[in-house]
Each structure stands twice: as structure tokens, then as C-alpha cells.
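Asker: Input model-v1.csv, format and content: CSV, C-alpha atoms.
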```csv
chain,number,residue,atom,x,y,z
A,23,MET,CA,11.1,-8.7,8.8
A,24,GLN,CA,9.1,-7.8,5.8
A,25,ASN,CA,5.3,-7.6,6.6
A,26,LYS,CA,4.1,-10.9,5.2
A,27,PHE,CA,0.4,-9.9,5.4
A,28,ASN,CA,1.0,-7.3,2.7
A,29,TRP,CA,1.3,-10.2,0.2
A,30,LEU,CA,-2.3,-11.2,0.8
A,31,ILE,CA,-3.4,-7.7,0.0
A,32,ILE,CA,-1.1,-7.6,-3.1
A,33,LEU,CA,-2.6,-10.8,-4.5
A,34,ILE,CA,-6.2,-9.4,-4.2
A,35,ALA,CA,-5.3,-5.9,-5.5
A,36,LEU,CA,-3.3,-7.1,-8.5
A,37,THR,CA,-6.1,-9.5,-9.6
A,38,ALA,CA,-8.3,-6.5,-9.9
A,39,ILE,CA,-6.0,-4.3,-12.0
A,40,GLN,CA,-4.4,-6.7,-14.5
A,41,CYS,CA,-4.2,-5.2,-17.9
A,42,LYS,CA,-2.8,-6.3,-21.2
A,43,ASN,CA,0.8,-5.6,-22.0
A,44,THR,CA,1.4,-2.2,-23.7
A,45,GLU,CA,4.1,-1.2,-26.0
A,46,THR,CA,7.3,-0.4,-24.0
A,47,SER,CA,10.0,2.2,-24.3
A,48,GLU,CA,13.3,2.2,-22.5
A,49,ILE,CA,13.4,6.0,-22.3
A,50,ASP,CA,10.2,7.8,-21.6
A,51,THR,CA,11.3,11.3,-20.6
A,52,THR,CA,10.9,13.0,-24.1
A,53,GLN,CA,7.5,14.4,-24.7
A,54,HIS,CA,6.5,14.4,-28.4
A,55,THR,CA,4.0,17.2,-28.0
A,56,ASP,CA,2.9,19.8,-25.4
A,57,ARG,CA,-0.6,18.4,-25.4
A,58,TYR,CA,-2.3,15.0,-25.1
A,59,GLN,CA,-4.9,13.5,-27.4
A,60,ILE,CA,-6.6,10.3,-26.4
A,61,LYS,CA,-8.6,8.5,-29.0
A,62,GLY,CA,-10.6,5.7,-27.5
A,63,THR,CA,-12.9,2.9,-28.7
A,64,VAL,CA,-15.2,0.8,-26.5
A,65,SER,CA,-16.8,-2.1,-28.3
A,66,ASP,CA,-19.9,-2.7,-26.2
A,67,ILE,CA,-21.4,0.8,-26.0
A,68,GLN,CA,-22.5,3.0,-28.9
A,69,ASP,CA,-23.4,6.3,-27.1
A,70,GLY,CA,-23.0,7.8,-23.7
A,71,VAL,CA,-20.4,9.8,-21.8
A,72,MET,CA,-16.8,8.9,-20.9
A,73,TYR,CA,-14.9,10.6,-18.1
A,74,LEU,CA,-11.2,11.3,-17.7
A,75,GLU,CA,-10.4,11.9,-14.0
A,76,GLU,CA,-7.2,12.7,-12.2
A,77,VAL,CA,-6.4,10.2,-9.5
A,78,ASP,CA,-3.2,11.4,-8.1
A,79,ARG,CA,-3.2,15.0,-6.9
A,80,LEU,CA,-1.7,17.1,-4.2
A,81,GLU,CA,-3.7,17.5,-0.9
A,82,GLY,CA,-6.3,20.2,-1.2
A,83,ILE,CA,-6.2,20.5,-4.9
A,84,GLU,CA,-9.4,19.7,-6.8
A,85,ALA,CA,-9.1,16.8,-9.2
A,86,GLN,CA,-9.2,17.5,-12.9
A,87,ILE,CA,-12.2,15.9,-14.5
A,88,ASP,CA,-13.1,16.0,-18.2
A,89,SER,CA,-15.9,14.4,-20.2
A,90,ALA,CA,-16.4,13.3,-23.8
A,91,LEU,CA,-19.4,12.1,-25.7
A,92,ILE,CA,-19.2,8.5,-27.0
A,93,LYS,CA,-20.4,8.3,-30.6
A,94,ASP,CA,-20.6,4.9,-32.3
A,95,GLY,CA,-18.2,3.5,-29.6
A,96,ASN,CA,-15.6,6.2,-30.1
A,97,PHE,CA,-14.5,9.1,-27.9
A,98,THR,CA,-11.7,11.7,-27.8
A,99,PHE,CA,-10.0,13.7,-25.0
A,100,GLU,CA,-7.6,16.6,-25.6
A,101,GLY,CA,-5.7,18.7,-23.1
A,102,ARG,CA,-2.4,19.4,-21.4
A,103,ILE,CA,-0.8,18.4,-18.2
A,104,ASP,CA,2.4,19.7,-16.6
A,105,GLU,CA,3.9,16.2,-15.9
A,106,PRO,CA,2.8,12.6,-16.4
A,107,ARG,CA,0.4,11.6,-13.6
A,108,MET,CA,-2.1,8.8,-12.9
A,109,PHE,CA,-5.6,9.3,-14.4
A,110,ARG,CA,-8.5,7.0,-14.9
A,111,ILE,CA,-11.1,6.6,-17.7
A,112,LYS,CA,-14.6,5.5,-16.8
A,113,THR,CA,-18.3,5.8,-17.6
A,114,ALA,CA,-20.8,6.8,-15.0
A,115,ASP,CA,-21.7,3.1,-14.3
A,116,SER,CA,-18.3,1.5,-14.8
A,117,THR,CA,-16.3,3.0,-11.9
A,118,PRO,CA,-15.4,-0.4,-10.4
A,119,SER,CA,-13.7,-1.4,-13.7
A,120,SER,CA,-12.1,1.9,-14.5
A,121,LEU,CA,-8.9,2.0,-16.6
A,122,TYR,CA,-6.0,3.5,-14.5
A,123,PHE,CA,-3.0,4.7,-16.5
A,124,ILE,CA,-0.3,7.4,-16.5
A,125,LEU,CA,-1.3,10.2,-18.8
A,126,SER,CA,1.3,12.1,-20.6
A,127,ASN,CA,1.3,14.8,-23.4
A,128,GLU,CA,1.3,12.4,-26.3
A,129,GLN,CA,-0.9,10.8,-28.9
A,130,ILE,CA,-2.6,8.0,-27.0
A,131,THR,CA,-5.1,5.3,-28.1
A,132,VAL,CA,-7.3,3.2,-25.8
A,133,THR,CA,-9.2,0.1,-27.0
A,134,GLY,CA,-11.4,-1.8,-24.6
A,135,ILE,CA,-14.7,-3.0,-23.4
A,136,LYS,CA,-16.9,-0.9,-21.1
A,137,ASP,CA,-17.5,-3.5,-18.5
A,138,SER,CA,-13.9,-4.4,-18.2
A,139,LEU,CA,-12.1,-1.1,-19.0
A,140,TYR,CA,-9.3,-2.1,-16.6
A,141,LYS,CA,-8.2,-4.5,-19.3
A,142,ALA,CA,-8.1,-2.0,-22.1
A,143,LYS,CA,-5.1,-1.7,-24.3
A,144,VAL,CA,-3.2,1.6,-24.0
A,145,SER,CA,-0.8,2.6,-26.7
A,146,GLY,CA,1.4,5.7,-27.1
A,147,ALA,CA,1.6,6.6,-23.4
A,148,THR,CA,5.3,5.9,-22.9
A,149,VAL,CA,5.5,6.5,-19.2
A,150,ASN,CA,2.5,4.3,-18.7
A,151,ALA,CA,4.2,1.6,-20.8
A,152,VAL,CA,7.1,1.4,-18.4
A,153,TYR,CA,4.8,1.3,-15.4
A,154,ARG,CA,2.7,-1.5,-16.9
A,155,ASP,CA,5.8,-3.4,-18.0
A,156,TYR,CA,6.8,-3.7,-14.4
A,157,TYR,CA,3.5,-5.0,-13.2
A,158,ASP,CA,2.6,-7.1,-16.2
A,159,ASN,CA,6.0,-8.8,-16.6
A,160,SER,CA,8.5,-8.3,-13.7
A,161,PHE,CA,6.1,-8.3,-10.8
A,162,GLU,CA,4.0,-11.0,-12.4
A,163,THR,CA,6.7,-13.5,-11.6
A,164,VAL,CA,6.6,-12.4,-8.0
A,165,ARG,CA,2.8,-12.6,-7.9
A,166,GLU,CA,3.0,-16.2,-9.2
A,167,LYS,CA,5.4,-17.2,-6.4
A,168,ALA,CA,3.3,-15.4,-3.9
A,169,GLY,CA,0.3,-17.4,-5.0
A,170,HIS,CA,2.1,-20.6,-4.3
A,171,VAL,CA,3.2,-19.4,-0.8
A,172,TYR,CA,-0.3,-18.2,0.0
A,173,ALA,CA,-1.8,-21.5,-1.1
A,174,TYR,CA,0.6,-23.4,1.0
A,175,SER,CA,-0.2,-21.3,4.0
A,176,ASP,CA,-3.9,-21.8,3.4
A,177,SER,CA,-3.4,-25.6,3.3
A,178,LEU,CA,-1.6,-25.5,6.7
A,179,THR,CA,-4.4,-23.4,8.3
A,180,LYS,CA,-7.2,-25.3,6.5
A,181,GLY,CA,-8.5,-22.0,5.2
A,182,GLY,CA,-8.0,-20.2,8.5
A,183,LYS,CA,-9.6,-22.8,10.7
A,184,VAL,CA,-6.5,-24.3,12.2
A,185,LYS,CA,-4.0,-22.3,14.3
A,186,LEU,CA,-0.4,-22.7,13.3
A,187,GLY,CA,2.1,-24.1,15.8
A,188,LYS,CA,5.5,-22.4,16.5
A,189,VAL,CA,7.4,-24.6,14.0
A,190,GLN,CA,4.8,-23.9,11.3
A,191,ARG,CA,4.9,-20.2,12.0
A,192,GLN,CA,8.6,-20.2,11.7
A,193,GLU,CA,8.4,-22.1,8.4
A,194,MET,CA,5.9,-19.6,7.0
A,195,ASP,CA,8.1,-16.7,8.2
A,196,GLN,CA,11.0,-18.1,6.2
A,197,LYS,CA,8.9,-18.6,3.1
A,198,TRP,CA,7.6,-15.0,3.2
A,199,GLU,CA,11.1,-13.6,3.8
A,200,GLU,CA,12.4,-15.6,0.8
A,201,LEU,CA,9.5,-14.2,-1.3
A,202,SER,CA,10.4,-10.7,-0.2
A,203,ALA,CA,14.0,-11.2,-1.2
A,204,PHE,CA,13.0,-12.5,-4.6
A,205,ASN,CA,10.7,-9.5,-5.0
A,206,ASP,CA,13.5,-7.1,-4.1
A,207,SER,CA,15.9,-8.7,-6.6
A,208,ILE,CA,13.4,-8.6,-9.5
A,209,THR,CA,12.5,-4.9,-8.6
A,210,GLU,CA,16.2,-3.9,-8.4
A,211,VAL,CA,16.9,-5.2,-11.9
A,212,PHE,CA,13.9,-3.2,-13.2
A,213,ILE,CA,14.9,0.0,-11.4
A,214,ARG,CA,18.5,-0.2,-12.7
A,215,THR,CA,17.2,-0.6,-16.2
A,216,HIS,CA,14.6,2.2,-15.9
A,217,LYS,CA,16.3,4.6,-13.5
A,218,ASN,CA,15.5,7.6,-15.8
A,219,SER,CA,11.8,6.8,-16.2
A,220,LEU,CA,9.2,9.0,-14.6
A,221,ALA,CA,7.2,5.9,-13.7
A,222,THR,CA,10.0,4.3,-11.6
A,223,PRO,CA,9.6,6.5,-8.5
A,224,LEU,CA,5.9,5.7,-8.5
A,225,ILE,CA,6.6,2.0,-8.6
A,226,ILE,CA,9.0,2.4,-5.6
A,227,LYS,CA,6.4,4.3,-3.7
A,228,GLU,CA,3.7,1.7,-4.3
A,229,ARG,CA,6.0,-1.3,-3.5
A,230,TYR,CA,8.2,0.1,-0.6
A,231,ILE,CA,6.3,3.0,0.9
A,232,GLN,CA,2.7,1.8,0.8
A,233,TYR,CA,4.1,-1.6,2.1
A,234,PRO,CA,6.7,0.0,4.3
A,235,ASN,CA,10.4,-1.0,3.8
A,236,PRO,CA,12.3,2.3,4.3
A,237,GLU,CA,15.7,0.7,3.9
A,238,LYS,CA,14.9,-0.7,0.4
A,239,ALA,CA,13.0,2.4,-0.5
A,240,ARG,CA,16.0,4.6,0.2
A,241,GLU,CA,18.3,2.1,-1.6
A,242,PHE,CA,16.2,2.2,-4.7
A,243,TYR,CA,15.6,5.9,-4.6
A,244,ASP,CA,19.3,6.5,-4.6
A,245,MET,CA,19.5,4.5,-7.9
A,246,LEU,CA,17.3,7.0,-9.7
A,247,ASP,CA,18.8,9.6,-12.0
A,248,THR,CA,18.3,13.4,-11.6
A,249,VAL,CA,15.4,13.6,-14.1
A,250,SER,CA,13.5,10.9,-12.3
A,251,LYS,CA,14.1,12.3,-8.8
A,252,SER,CA,13.1,15.8,-10.0
A,253,SER,CA,9.7,14.5,-11.4
A,254,TYR,CA,6.3,14.8,-9.7
A,255,TYR,CA,6.5,11.2,-8.4
A,256,GLY,CA,10.2,11.7,-7.6
A,257,PHE,CA,9.3,14.5,-5.2
A,258,LYS,CA,6.4,12.5,-3.8
A,259,LEU,CA,8.6,9.5,-3.2
A,260,ALA,CA,11.2,11.7,-1.4
A,261,ASP,CA,8.6,13.2,0.9
A,262,ALA,CA,7.1,9.8,1.7
A,263,LEU,CA,10.6,8.5,2.4
A,264,LYS,CA,11.3,11.2,4.8
A,265,GLY,CA,8.1,10.4,6.7
A,266,LEU,CA,9.0,6.7,6.9
A,267,GLU,CA,12.5,7.3,8.0
A,268,ALA,CA,11.2,9.6,10.8
A,269,VAL,CA,9.6,6.5,12.4
A,270,ALA,CA,12.2,4.0,11.6
A,271,VAL,CA,13.9,1.8,14.3
A,272,ASN,CA,16.0,3.9,16.8
A,273,SER,CA,13.9,7.0,16.1
A,274,PRO,CA,12.0,8.9,18.8
A,275,ALA,CA,8.3,7.9,18.7
A,276,PRO,CA,6.1,10.8,17.6
A,277,ALA,CA,3.5,12.0,20.1
A,278,ILE,CA,0.0,10.5,19.9
A,279,ASP,CA,-2.7,12.9,21.0
A,280,ASN,CA,-6.4,13.6,20.1
A,281,GLN,CA,-7.3,9.9,20.2
A,282,VAL,CA,-10.3,8.8,22.3
A,283,ASN,CA,-11.5,5.5,23.5
A,284,LEU,CA,-15.0,4.2,23.1
A,285,ASP,CA,-16.1,6.2,26.2
A,286,GLY,CA,-14.8,9.4,24.7
A,287,GLU,CA,-11.7,9.6,27.0
A,288,LEU,CA,-8.4,10.9,25.7
A,289,ILE,CA,-5.6,8.4,25.7
A,290,GLY,CA,-2.2,9.2,24.3
A,291,LEU,CA,1.3,7.8,24.1
A,292,GLY,CA,2.3,10.0,27.0
A,293,ASP,CA,0.2,7.8,29.3
A,294,TYR,CA,2.7,5.0,28.7
A,295,LYS,CA,5.9,6.8,29.8
A,296,GLY,CA,8.4,4.4,31.3
A,297,LYS,CA,6.7,1.3,29.8
A,298,TYR,CA,7.1,-0.9,26.7
A,299,VAL,CA,4.1,-0.2,24.5
A,300,LEU,CA,3.1,-1.8,21.2
A,301,VAL,CA,1.3,0.9,19.1
A,302,ASP,CA,-0.9,-1.2,16.8
A,303,PHE,CA,-2.7,0.3,13.8
A,304,TRP,CA,-5.6,-1.8,12.6
A,305,ALA,CA,-9.3,-1.5,11.6
A,306,SER,CA,-12.5,-3.7,11.8
A,307,TRP,CA,-12.7,-3.9,8.0
A,308,CYS,CA,-9.1,-5.1,7.6
A,309,ALA,CA,-9.1,-8.9,7.1
A,310,PRO,CA,-5.3,-9.3,7.6
A,311,CYS,CA,-5.6,-7.2,10.9
A,312,ARG,CA,-8.4,-9.4,12.1
A,313,LYS,CA,-6.5,-12.5,11.2
A,314,GLU,CA,-3.4,-11.3,13.2
A,315,ASN,CA,-5.5,-10.3,16.3
A,316,PRO,CA,-5.4,-13.8,17.9
A,317,ASN,CA,-1.6,-13.8,17.6
A,318,VAL,CA,-1.4,-10.3,19.2
A,319,LYS,CA,-3.7,-11.6,21.9
A,320,SER,CA,-1.6,-14.6,22.7
A,321,ALA,CA,1.5,-12.3,22.9
A,322,TYR,CA,-0.3,-9.9,25.2
A,323,ASP,CA,-1.5,-12.7,27.5
A,324,VAL,CA,2.2,-13.9,27.9
A,325,TYR,CA,4.0,-10.5,28.1
A,326,HIS,CA,1.5,-8.1,29.7
A,327,PRO,CA,2.2,-9.5,33.2
A,328,LYS,CA,5.9,-8.7,32.5
A,329,GLY,CA,5.2,-5.1,31.5
A,330,LEU,CA,3.9,-5.0,27.9
A,331,GLU,CA,1.2,-2.5,27.1
A,332,ILE,CA,-0.7,-2.2,23.8
A,333,LEU,CA,-2.3,0.9,22.4
A,334,ALA,CA,-4.5,0.0,19.4
A,335,ILE,CA,-5.3,2.8,17.0
A,336,SER,CA,-8.2,2.0,14.7
A,337,LEU,CA,-8.5,3.5,11.2
A,338,ASP,CA,-12.2,2.9,11.3
A,339,ASP,CA,-14.7,5.7,10.5
A,340,LYS,CA,-17.8,4.0,12.1
A,341,LYS,CA,-17.8,3.6,15.8
A,342,ASN,CA,-20.3,0.7,16.0
A,343,LEU,CA,-18.2,-1.5,13.6
A,344,TRP,CA,-15.0,-0.7,15.6
A,345,GLU,CA,-16.7,-1.6,18.9
A,346,LYS,CA,-18.1,-4.8,17.5
A,347,ALA,CA,-14.7,-5.9,16.2
A,348,ILE,CA,-13.1,-5.3,19.6
A,349,GLU,CA,-15.7,-7.4,21.3
A,350,ALA,CA,-15.7,-10.2,18.7
A,351,ASP,CA,-11.9,-10.6,18.8
A,352,ASN,CA,-11.7,-10.3,22.6
A,353,LEU,CA,-9.1,-7.6,22.7
A,354,PRO,CA,-8.6,-6.4,26.3
A,355,TRP,CA,-6.0,-3.6,25.8
A,356,ALA,CA,-6.6,0.1,25.2
A,357,HIS,CA,-8.4,1.1,22.0
A,358,VAL,CA,-8.5,4.6,20.6
A,359,SER,CA,-9.5,6.3,17.3
A,360,ASP,CA,-10.5,9.7,15.9
A,361,LEU,CA,-12.7,7.9,13.3
A,362,LYS,CA,-11.1,9.6,10.4
A,363,GLY,CA,-10.0,6.4,8.5
A,364,PHE,CA,-6.6,6.7,6.9
A,365,LYS,CA,-6.6,10.4,7.8
A,366,ASN,CA,-6.3,9.5,11.4
A,367,GLU,CA,-3.8,12.0,12.9
A,368,ALA,CA,-1.7,9.3,14.6
A,369,ALA,CA,-1.5,7.3,11.4
A,370,GLN,CA,-0.3,10.4,9.5
A,371,ALA,CA,2.3,11.1,12.2
A,372,TYR,CA,3.6,7.5,11.8
A,373,SER,CA,3.3,7.6,8.0
A,374,VAL,CA,0.9,4.6,8.0
A,375,SER,CA,-0.4,3.9,4.5
A,376,SER,CA,-1.3,0.2,5.0
A,377,ILE,CA,-2.4,-1.9,7.9
A,378,PRO,CA,-1.8,-4.0,9.9
A,379,GLN,CA,1.2,-2.0,11.1
A,380,ASN,CA,2.8,-1.7,14.5
A,381,PHE,CA,5.6,0.0,16.4
A,382,LEU,CA,7.2,-1.3,19.6
A,383,ILE,CA,8.4,1.6,21.8
A,384,ASN,CA,10.7,1.3,24.7
A,385,PRO,CA,10.4,3.1,28.1
A,386,ASP,CA,12.6,5.9,26.8
A,387,GLY,CA,10.1,6.6,24.0
A,388,ILE,CA,12.4,5.1,21.2
A,389,ILE,CA,11.0,2.9,18.4
A,390,ILE,CA,12.9,-0.4,18.7
A,391,ALA,CA,10.9,-2.6,16.2
A,392,THR,CA,8.2,-2.2,13.5
A,393,ASN,CA,5.9,-4.5,11.6
A,394,LEU,CA,6.0,-7.4,14.0
A,395,ARG,CA,3.8,-10.3,12.9
A,396,GLU,CA,3.2,-13.9,13.7
A,397,GLU,CA,6.3,-15.6,15.1
A,398,GLY,CA,8.3,-12.4,14.7
A,399,LEU,CA,6.2,-10.6,17.3
A,400,HIS,CA,6.9,-13.4,19.9
A,401,THR,CA,10.6,-13.5,19.0
A,402,LYS,CA,11.1,-9.8,19.6
A,403,LEU,CA,9.1,-9.8,22.8
A,404,LYS,CA,11.1,-12.7,24.1
A,405,GLU,CA,14.2,-10.8,23.3
A,406,VAL,CA,12.9,-7.7,25.2
A,407,PHE,CA,11.4,-9.5,28.2
A,408,GLY,CA,13.5,-12.6,28.3
A,409,GLU,CA,12.7,-16.3,28.5
A,410,LEU,CA,9.6,-17.2,30.5
```
Just give me the structure as C-alpha cells.
Answerer:
Amino acid sequence: MQNKFNWLIILIALTAIQCKNTETSEIDTTQHTDRYQIKGTVSDIQDGVMYLEEVDRLEGIEAQIDSALIKDGNFTFEGRIDEPRMFRIKTADSTPSSLYFILSNEQITVTGIKDSLYKAKVSGATVNAVYRDYYDNSFETVREKAGHVYAYSDSLTKGGKVKLGKVQRQEMDQKWEELSAFNDSITEVFIRTHKNSLATPLIIKERYIQYPNPEKAREFYDMLDTVSKSSYYGFKLADALKGLEAVAVNSPAPAIDNQVNLDGELIGLGDYKGKYVLVDFWASWCAPCRKENPNVKSAYDVYHPKGLEILAISLDDKKNLWEKAIEADNLPWAHVSDLKGFKNEAAQAYSVSSIPQNFLINPDGIIIATNLREEGLHTKLKEVFGEL
């Protein structure tokens, strides 16, 4: 079942990055020059410094950062990149409203306002135009439907104050699954239309790797043409897909080591040999995780006496906040972390790029289910342990 909590994150994230539509091009693989020139205008600042910073880079490689003086509201960047990649434009005091776009070796113009750079109009960047076309048009229809589903869910729970009954949880599960199917259909049409775009593998990675759905990610990856697959984001998508498929259902669960509890004691997956264990990735700062905790607790209360164990792995980096969340949510199972955030070794072994996320592992060490939420968690555990 698609992880319905991801839609709550999507709604918040997309609200923050909405930009105006840019000019679109069906084919974006031809570079018109071997260098880029960005001519920008910001209407609410006369002088200062604008920064161009690489956002997406390989691990261990220092980000490219360039700067340009703003004179009478105008600035210019010139340079060269090997392949189109995600960059951002910002001033020293406008980081929260940075403009994110895919930079390519072309003549590019940027027009915007300093305090809302994320809304700036970008013209001439053809790869970016395809990327924005998806989010500003295709995915906007999904976002609108998600807003209605979320509003309905909020009305049922009275803003989170009322716990849903079984029938209501099943109803919401159905609505989220229908929304996921609609999202898949919209995205498939876009991918088939833009299978040669260098932006398309990035879109697949953002929609189906970050919010894991390895089956759809593989299906959509196979639709791409050779040029797209051979691009920077094509290789990144392929690598990420391999990682997700390694922890798909029916795969052996990777080892979990070097994780300690609040007392500094090592606890790993090996301590649960011969048992059913739900490996649950979460964090104190993750609102959807905290919202799901009562549901996990109710499942644990029912199925722990029948043999269910839970190993919760926190992606926190502050021990005190992690400890307070465990106490506040009354979570009686084992909790471990290495306090490295998303660089947590177990999270990397399980290709975790968003939370909440969990993996149900059987006594033979095989993953038998992933991303179990709300009524789906109870349904799967009932299947495993039988009717009470």
C-alpha cells in the first residue's frame, strides 16, 4: 500500500516551492552552447551580492558556488557545467526563499523579487522547463486532489483530536490508494511524453524513490530512452533503484549494527533471530511519525504477546529530543540510533530517504512487508499472527 503519510509532506513541501510556469520544450537534450549565461533582475534590491550554488552533487564532492554583484537590480553569472543539474540562486539573507532550478549550458534569464525568489520566472533553461512543467501543471492536479483528501481526513479527526475507528481508517486507506493511483496515471502520461528529457529521471527519483515505490520506479525507469538513462540523473535514479530493490518484499533484510539505545548498549537485528520484528524508522521532529506512533502502539499492545517485536531506529541527531519523544509517546519497545540523522547507517542500508518507513521481517530474516501504516499495519499483522 502506498505510504499515505507522504502526501502530508508533499502538500507542505510543494506549497513552499511553487513557481510560475516557464516556457516548455518537448525536447531538451540539445545544448545551444557549451557555456551558460544567466542574466537576472530582482526588483526589490539595487545593490548587493547574488550567489549561485550547486545543490545536487556526488557524495564527497564540494559544491560549486559562484557570486555576482547586483547593480541596479541586475546580476550576471557565466560558466560551464558538464550536465544539467539542480542549482539555487540566493542572496545572503534570502536562503529560505531560494530559487531552485536545473541549470544547463544555455542563455538563461531570471526575473523575480528577492524576498520570494522561489517564484522567479526562469526562461531559456529547457531542461528546467520540462521539470517545472510537471510540477506546475501535471502534478498540480494531484496536489489539488490531495488537498481535498487531507481536508476530509482532518475533518474526521477534528484536527488530530479524535482517533479514527476501524471503518474510518479503512475509508481513508481507500481514498489514499485512489489518490496514489491517480498520481501514477498522471505521472505515466508525462513520462511517456518526455521519456527523452534529462529532467524526467529526476522527477521519477523525487516521486518514487524519495517516497518509496520501487515497483513503479522500475516501471517508469524502463520507459526512459537511452539518452535519459545515460544522464547524470539517469545514473542516480538507477543507483537509487538498486538500493530500493535490495530491500523490497521477499529480500533478505540487511544487517543492522552500530546502533545503540539510550543507555549506550548495542542492539542489532541479530538480537531478533527467530522472531517477527518490525524495523521502524522515525524521528522526534517528524510530525507524520509522531502521528502514527499511537497506531503502532495499539498494534504492539495486541501482537507483542503473540510474538511481535519492534526495533525503532531514530534519525534524530539530538539525544535529548529523541528521549523526550519516546517518553511523551509512551513507546515501550527497543529504541536505537547513531544520532547521524539521515546519514544513519541502518537508514542507508535500507535506502531510507523519507520517514516514517518500516519493514516487517520474518523469523528467517526475510522482509515480508514494507511501509505499513494505519489500518494496513493491523491487517498485515492479523494475516501473520491470525485472528485474536
Asker: Extract, using all atoms listed in the file, all DNA, RNA and protein residues at most 12 Å from Lys167 of chain A, discarding same-chain residues fewer than 3 positions from it, and format them as a tab-separated table (two decimals) with C-alpha atoms, in the coordinates of the input.
Answerer:
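In the end it all went to part.tsv:
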```tsv
chain	number	residue	atom	x	y	z
A	29	TRP	CA	1.30	-10.20	0.20
A	33	LEU	CA	-2.60	-10.80	-4.50
A	160	SER	CA	8.50	-8.30	-13.70
A	161	PHE	CA	6.10	-8.30	-10.80
A	162	GLU	CA	4.00	-11.00	-12.40
A	163	THR	CA	6.70	-13.50	-11.60
A	164	VAL	CA	6.60	-12.40	-8.00
A	170	HIS	CA	2.10	-20.60	-4.30
A	171	VAL	CA	3.20	-19.40	-0.80
A	172	TYR	CA	-0.30	-18.20	0.00
A	173	ALA	CA	-1.80	-21.50	-1.10
A	174	TYR	CA	0.60	-23.40	1.00
A	197	LYS	CA	8.90	-18.60	3.10
A	198	TRP	CA	7.60	-15.00	3.20
A	200	GLU	CA	12.40	-15.60	0.80
A	201	LEU	CA	9.50	-14.20	-1.30
A	202	SER	CA	10.40	-10.70	-0.20
A	203	ALA	CA	14.00	-11.20	-1.20
A	204	PHE	CA	13.00	-12.50	-4.60
A	205	ASN	CA	10.70	-9.50	-5.00
```
Asker: Just give me the gap between atom CA of Ser320 of chain A and atom CA of Val299 of chain A in Å, one decimal is fine.
Answerer: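 A separation of 15.6 Å between them.
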Asker: Enter the distance from atom CA of Tyr230 of chain A to atom CA of Met194 of chain A, in Å, rounded to one decimal.
Answerer: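 A separation of 21.2 Å between them.
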Asker: Between A:Ser336, A:Leu186, A:Asp195, A:Gln379, which has the minimum distance to Asn317 of chain A (counting only C-alpha atoms)?
Answerer: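 Answer, going by the shortest atom-to-atom distance: A:Leu186.
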Asker: Dump as a tab-separated table the rows for residues of segment 203-249 of chain A within 12 Å of segment 122-137 of chain A: closest atom pair and distance in Å with one decimal, all atoms listed in the file counted, ordered by chain and rising residue number.
Answerer:
```
residue	atom	partner	partner_atom	distance
A:Leu220	CA	A:Ile124	CA	9.8
A:Ala221	CA	A:Ile124	CA	8.1
A:Thr222	CA	A:Ile124	CA	11.8
A:Leu224	CA	A:Ile124	CA	10.3
A:Ile225	CA	A:Ile124	CA	11.8
```
Asker: Those residues with C-alpha atoms, as an mmCIF file, in the coordinates of the input please?
Answerer:
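Output below, filename selection15.cif:
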```
data_model
loop_
_atom_site.group_PDB
_atom_site.id
_atom_site.type_symbol
_atom_site.label_atom_id
_atom_site.label_comp_id
_atom_site.auth_asym_id
_atom_site.auth_seq_id
_atom_site.Cartn_x
_atom_site.Cartn_y
_atom_site.Cartn_z
ATOM 1 C CA LEU A 220 9.200 9.000 -14.600
ATOM 2 C CA ALA A 221 7.200 5.900 -13.700
ATOM 3 C CA THR A 222 10.000 4.300 -11.600
ATOM 4 C CA LEU A 224 5.900 5.700 -8.500
ATOM 5 C CA ILE A 225 6.600 2.000 -8.600
#
```
Asker: With all atoms listed in the file as the counted atoms, please give the residues lying no more than 12 Å from Gly256 of chain A, apart from itself and same-chain residues fewer than 6 positions off, as a list in words.
Answerer: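 Near neighbours after the sequence-gap exclusion: Glu105, Pro106, Arg107, Lys217, Asn218, Ser219, Leu220, Ala221, Thr222, Pro223, Leu224, Ile225, Ile226, Lys227, Phe242, Tyr243, Asp244, Met245, Leu246, Asp247, Thr248, Val249, Ser250, Ala262 and Leu263 of chain A.
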Asker: Residues of the last selection are to be written out with C-alpha atoms, as a compact mmCIF listing (two decimals), keeping the file's coordinate frame.
Answerer:
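So the final result, stored in selection.txt, reads:
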```
# COMPACT_ATOMS: atom_id res chain seq x y z
CA GLU A 105 3.90 16.20 -15.90
CA PRO A 106 2.80 12.60 -16.40
CA ARG A 107 0.40 11.60 -13.60
CA LYS A 217 16.30 4.60 -13.50
CA ASN A 218 15.50 7.60 -15.80
CA SER A 219 11.80 6.80 -16.20
CA LEU A 220 9.20 9.00 -14.60
CA ALA A 221 7.20 5.90 -13.70
CA THR A 222 10.00 4.30 -11.60
CA PRO A 223 9.60 6.50 -8.50
CA LEU A 224 5.90 5.70 -8.50
CA ILE A 225 6.60 2.00 -8.60
CA ILE A 226 9.00 2.40 -5.60
CA LYS A 227 6.40 4.30 -3.70
CA PHE A 242 16.20 2.20 -4.70
CA TYR A 243 15.60 5.90 -4.60
CA ASP A 244 19.30 6.50 -4.60
CA MET A 245 19.50 4.50 -7.90
CA LEU A 246 17.30 7.00 -9.70
CA ASP A 247 18.80 9.60 -12.00
CA THR A 248 18.30 13.40 -11.60
CA VAL A 249 15.40 13.60 -14.10
CA SER A 250 13.50 10.90 -12.30
CA ALA A 262 7.10 9.80 1.70
CA LEU A 263 10.60 8.50 2.40
```
Asker: One decimal, in Å: what's the spacing between atom CA of Leu139 of chain A and atom CA of Pro118 of chain A?
Answerer: 9.2 Å
Asker: Neighbours of Gly363 of chain A within 8 Å (all atoms listed in the file; same-chain residues fewer than 5 positions away dropped), as a VMD selection string?
Answerer: chain A and resid 336 to 339
Asker: Please check which residues have atoms at most 6 Å from (15.3, 4.4, 7.1) in the file's coordinates, counting all atoms listed in the file, and write them as a list in words.
Answerer: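 Returned residue set, sorted by chain then number, is Pro236, Glu237, Glu267 and Ala270 of chain A.
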Asker: Do you know which residues lie at most 6 Å from (-3.5, 0.8, 16.8), with coordinates as in the file and all atoms listed in the file counted, and could you write them as a PyMOL selection string?
Answerer: chain A and resi 301-304+333-336
Asker: Kindly indicate which residue among A:Ile348, A:Ile389, A:Leu403, A:Ala85 lies nearest to Val269 of chain A, using only C-alpha atoms for the distances.
Answerer: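 The closest residue to Val269 of chain A is A:Ile389.
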Asker: From the options A:Pro327, A:Pro378, A:Gly286, A:Gly292, which residue's atoms come nearest to Ala309 of chain A, counting only C-alpha atoms?
Answerer: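 Among A:Pro327, A:Pro378, A:Gly286, A:Gly292, it is A:Pro378 that comes nearest to Ala309 of chain A.
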Asker: Between A:Asp386, A:Glu210, A:Gln370, A:Thr215, which has the minimum distance to Gly296 of chain A (counting all atoms listed in the file)?
Answerer: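 That would be A:Asp386, the residue with the smallest distance to Gly296 of chain A.
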Asker: Rank nothing, just name the residue among A:Asp69, A:Asp206, A:Glu287, A:Asp351 nearest to Leu91 of chain A, using all atoms listed in the file.
Answerer: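 Answer, going by the shortest atom-to-atom distance: A:Asp69.
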Asker: Compare A:Tyr254, A:Asp285, A:Phe364, A:Ser273 by their minimum atom-to-atom distance to Ala305 of chain A, counting all atoms listed in the file, and give me the closest one.
Answerer: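 Ranking A:Tyr254, A:Asp285, A:Phe364, A:Ser273 by distance to Ala305 of chain A, first place goes to A:Phe364.
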